Structures are given as structure tokens and as C-alpha cells.
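As provided, query-v9.txt (compact mmCIF, C-alpha atoms) reads as follows.
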```txt
# COMPACT_ATOMS: atom_id res chain seq x y z
CA MET A 2 25.46 -3.39 17.63
CA LYS A 3 22.31 -2.03 16.02
CA ASP A 4 18.87 -2.89 17.29
CA VAL A 5 17.25 -5.51 15.03
CA GLY A 6 14.31 -3.14 14.58
CA ASP A 7 16.64 -0.83 12.69
CA LEU A 8 17.59 -3.58 10.25
CA ILE A 9 14.27 -5.11 9.26
CA TYR A 10 11.81 -3.35 6.96
CA ILE A 11 8.38 -4.69 6.07
CA TYR A 12 7.23 -4.39 2.43
CA ASP A 13 3.54 -5.20 2.00
CA THR A 14 2.20 -6.30 -1.41
CA THR A 15 -1.45 -6.83 -0.45
CA LEU A 16 -2.78 -4.15 -2.81
CA ARG A 17 -0.96 -5.58 -5.82
CA ASP A 18 -0.17 -9.26 -5.35
CA GLY A 19 -3.05 -9.81 -2.98
CA THR A 20 -5.55 -8.82 -5.66
CA GLN A 21 -4.32 -11.25 -8.33
CA ALA A 22 -6.84 -13.97 -7.45
CA GLU A 23 -9.90 -14.49 -9.59
CA GLY A 24 -12.91 -12.56 -8.35
CA ILE A 25 -10.92 -10.01 -6.32
CA SER A 26 -11.52 -6.42 -7.35
CA LEU A 27 -10.97 -3.62 -4.85
CA THR A 28 -12.42 -0.16 -5.30
CA VAL A 29 -10.21 2.89 -4.84
CA GLU A 30 -11.94 3.48 -1.51
CA ASP A 31 -11.16 -0.11 -0.46
CA LYS A 32 -7.50 0.35 -1.36
CA LEU A 33 -7.28 3.62 0.58
CA LYS A 34 -8.87 2.06 3.69
CA ILE A 35 -6.54 -0.94 3.48
CA THR A 36 -3.56 1.41 3.07
CA SER A 37 -4.53 3.25 6.27
CA LYS A 38 -4.92 0.01 8.22
CA ILE A 39 -1.59 -1.38 6.99
CA ASP A 40 0.07 1.91 7.98
CA GLU A 41 -1.46 1.62 11.47
CA LEU A 42 0.33 -1.73 11.81
CA GLY A 43 3.66 0.06 11.36
CA VAL A 44 4.51 -1.38 7.94
CA HIS A 45 7.34 0.54 6.26
CA TYR A 46 6.42 0.15 2.57
CA ILE A 47 3.13 -0.52 0.80
CA GLU A 48 3.14 -1.52 -2.85
CA GLY A 49 0.06 0.20 -4.25
CA GLY A 50 -0.11 -1.39 -7.68
CA TRP A 51 0.93 -0.30 -11.15
CA PRO A 52 0.43 3.47 -11.60
CA GLY A 53 -1.08 4.23 -14.98
CA SER A 54 -1.88 0.59 -15.80
CA ASN A 55 -5.60 1.17 -15.29
CA PRO A 56 -7.88 4.03 -14.21
CA LYS A 57 -8.37 2.59 -10.71
CA ASP A 58 -4.65 2.44 -9.92
CA LEU A 59 -4.11 5.88 -11.44
CA GLU A 60 -6.82 7.30 -9.14
CA TYR A 61 -5.39 5.45 -6.13
CA PHE A 62 -1.91 6.93 -6.62
CA LYS A 63 -3.39 10.42 -6.97
CA ARG A 64 -5.50 10.11 -3.81
CA VAL A 65 -3.13 8.17 -1.54
CA LYS A 66 -0.98 11.31 -1.28
CA GLU A 67 -3.79 12.85 0.79
CA LEU A 68 -3.67 10.15 3.50
CA PRO A 69 -1.90 11.14 6.72
CA LEU A 70 0.36 8.07 6.83
CA LYS A 71 2.57 7.81 9.92
CA HIS A 72 4.82 4.89 8.99
CA ALA A 73 4.45 3.67 5.43
CA LYS A 74 5.86 4.93 2.18
CA ILE A 75 3.92 4.04 -0.95
CA SER A 76 5.75 2.24 -3.73
CA ALA A 77 4.88 0.82 -7.12
```
Could I get this structure in the form of C-alpha cells?
Amino acid sequence: MKDVGDLIYIYDTTLRDGTQAEGISLTVEDKLKITSKIDELGVHYIEGGWPGSNPKDLEYFKRVKELPLKHAKISA
């Protein structure tokens, strides 16, 4: 039998769904810092937003490639 840890993957939507509330607007730097912290928690996937939908998300997806992530893969 496989270890349960091999069967469960965590997909975080903080950077997309978590910013849908009125008055929430993260800078690219904010999103990069949050990405690093979520990665430190061992999360497997981080949804970064909608690439190309706005200049901020476009810049985020260009720059997130430079982060030395240990656990997470970035998705859209």
C-alpha cells in the first residue's frame, strides 16, 4: 500500500482566487513573496493567476521562473 503522502497533492489558489475580494490588489513583489512562503510550506502547486490577462500577471509569470522553489510548481 502506498503512503498517503504519495496520494495527496495540495493545489493553492491564494494568488488567483484569494485576490477576488474587493479592495485586494497585490503587487508583483507581494505575489512573489507569497509564492516563496507557500513553497516553504511544501505545497505542490500554486495557481499564479491568468498569464497575459493583465500586465501584473504577465510580469509575475516572467519573474516567478527566477525563484528557487523547492516544492511547488506554478500553474495558471
- Task: Give as a list in words each residue that has an atom at most 8 Å from (9.2, -5.6, 2.6) in the file, counting only C-alpha atoms.
- Result: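 I get Tyr10, Ile11, Tyr12, Asp13, His45 and Tyr46 of chain A for the residues within 8 Å of that point.
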Could those selected residues go to a file with C-alpha atoms, as a compact mmCIF listing (two decimals), in the frame of the given file?
```
# COMPACT_ATOMS: atom_id res chain seq x y z
CA TYR A 10 11.81 -3.35 6.96
CA ILE A 11 8.38 -4.69 6.07
CA TYR A 12 7.23 -4.39 2.43
CA ASP A 13 3.54 -5.20 2.00
CA HIS A 45 7.34 0.54 6.26
CA TYR A 46 6.42 0.15 2.57
```
- Query: In terms of the shortest atom-to-atom distance over all atoms listed in the file, which of A:Glu30, A:Ile35, A:Val65, A:Leu70 is closest to Thr14 in chain A?
  - Reply: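 Checking each candidate against Thr14 in chain A, we get A:Ile35 as the closest.
Shortest separation to Leu16 in chain A among A:Asp31, A:Asp4, A:Asp40, A:Glu48 occurs at residue A:Glu48, atoms counted being all atoms listed in the file.
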- Message: Just checking: using all atoms listed in the file, which residue out of A:Leu42, A:Lys32, A:Ile25, A:Thr20 ends up closest to Arg64 in chain A?
- Response: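 Comparing A:Leu42, A:Lys32, A:Ile25, A:Thr20 against Arg64 in chain A, the winner is A:Lys32.
Closest approach to Leu68 in chain A from the set A:Ile39, A:Ala22, A:Leu33, A:Ile47 is made by A:Leu33, with distances taken over all atoms listed in the file.
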- Query: Closest to Ala73 in chain A among A:Arg17, A:Asp58, A:Gly49, A:Val44, using all atoms listed in the file?
  - Reply: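 Among the listed residues, A:Val44 lies closest to Ala73 in chain A.
Rounded to one decimal, CA of Phe62 in chain A and CA of Thr15 in chain A lie 15.1 Å from each other.
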- Query: From the list A:Leu8, A:Ser26, A:Gly19, A:Ser37, which residue is nearest His72 in chain A when using all atoms listed in the file?
  - Reply: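 Closest to His72 in chain A of all the choices is A:Ser37.
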- Find the distance between CA of Lys57 in chain A and CA of Gly24 in chain A and write it in Å to one decimal.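 Straight-line distance from CA of Lys57 in chain A to CA of Gly24 in chain A works out to 16.0 Å.
The interatomic distance for the pair CA of Pro56 in chain A and CA of Glu41 in chain A works out to 26.6 Å.
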Calculate, to one decimal in Å, the centre and edge lengths of the box along x, y and z of the file that holds all listed atoms of range 59-74 of chain A with 3 Å of margin on each side, and present them as AutoDock Vina command-line options.
```
--center_x -0.5 --center_y 8.3 --center_z -0.8 --size_x 18.7 --size_y 15.2 --size_z 27.4
```
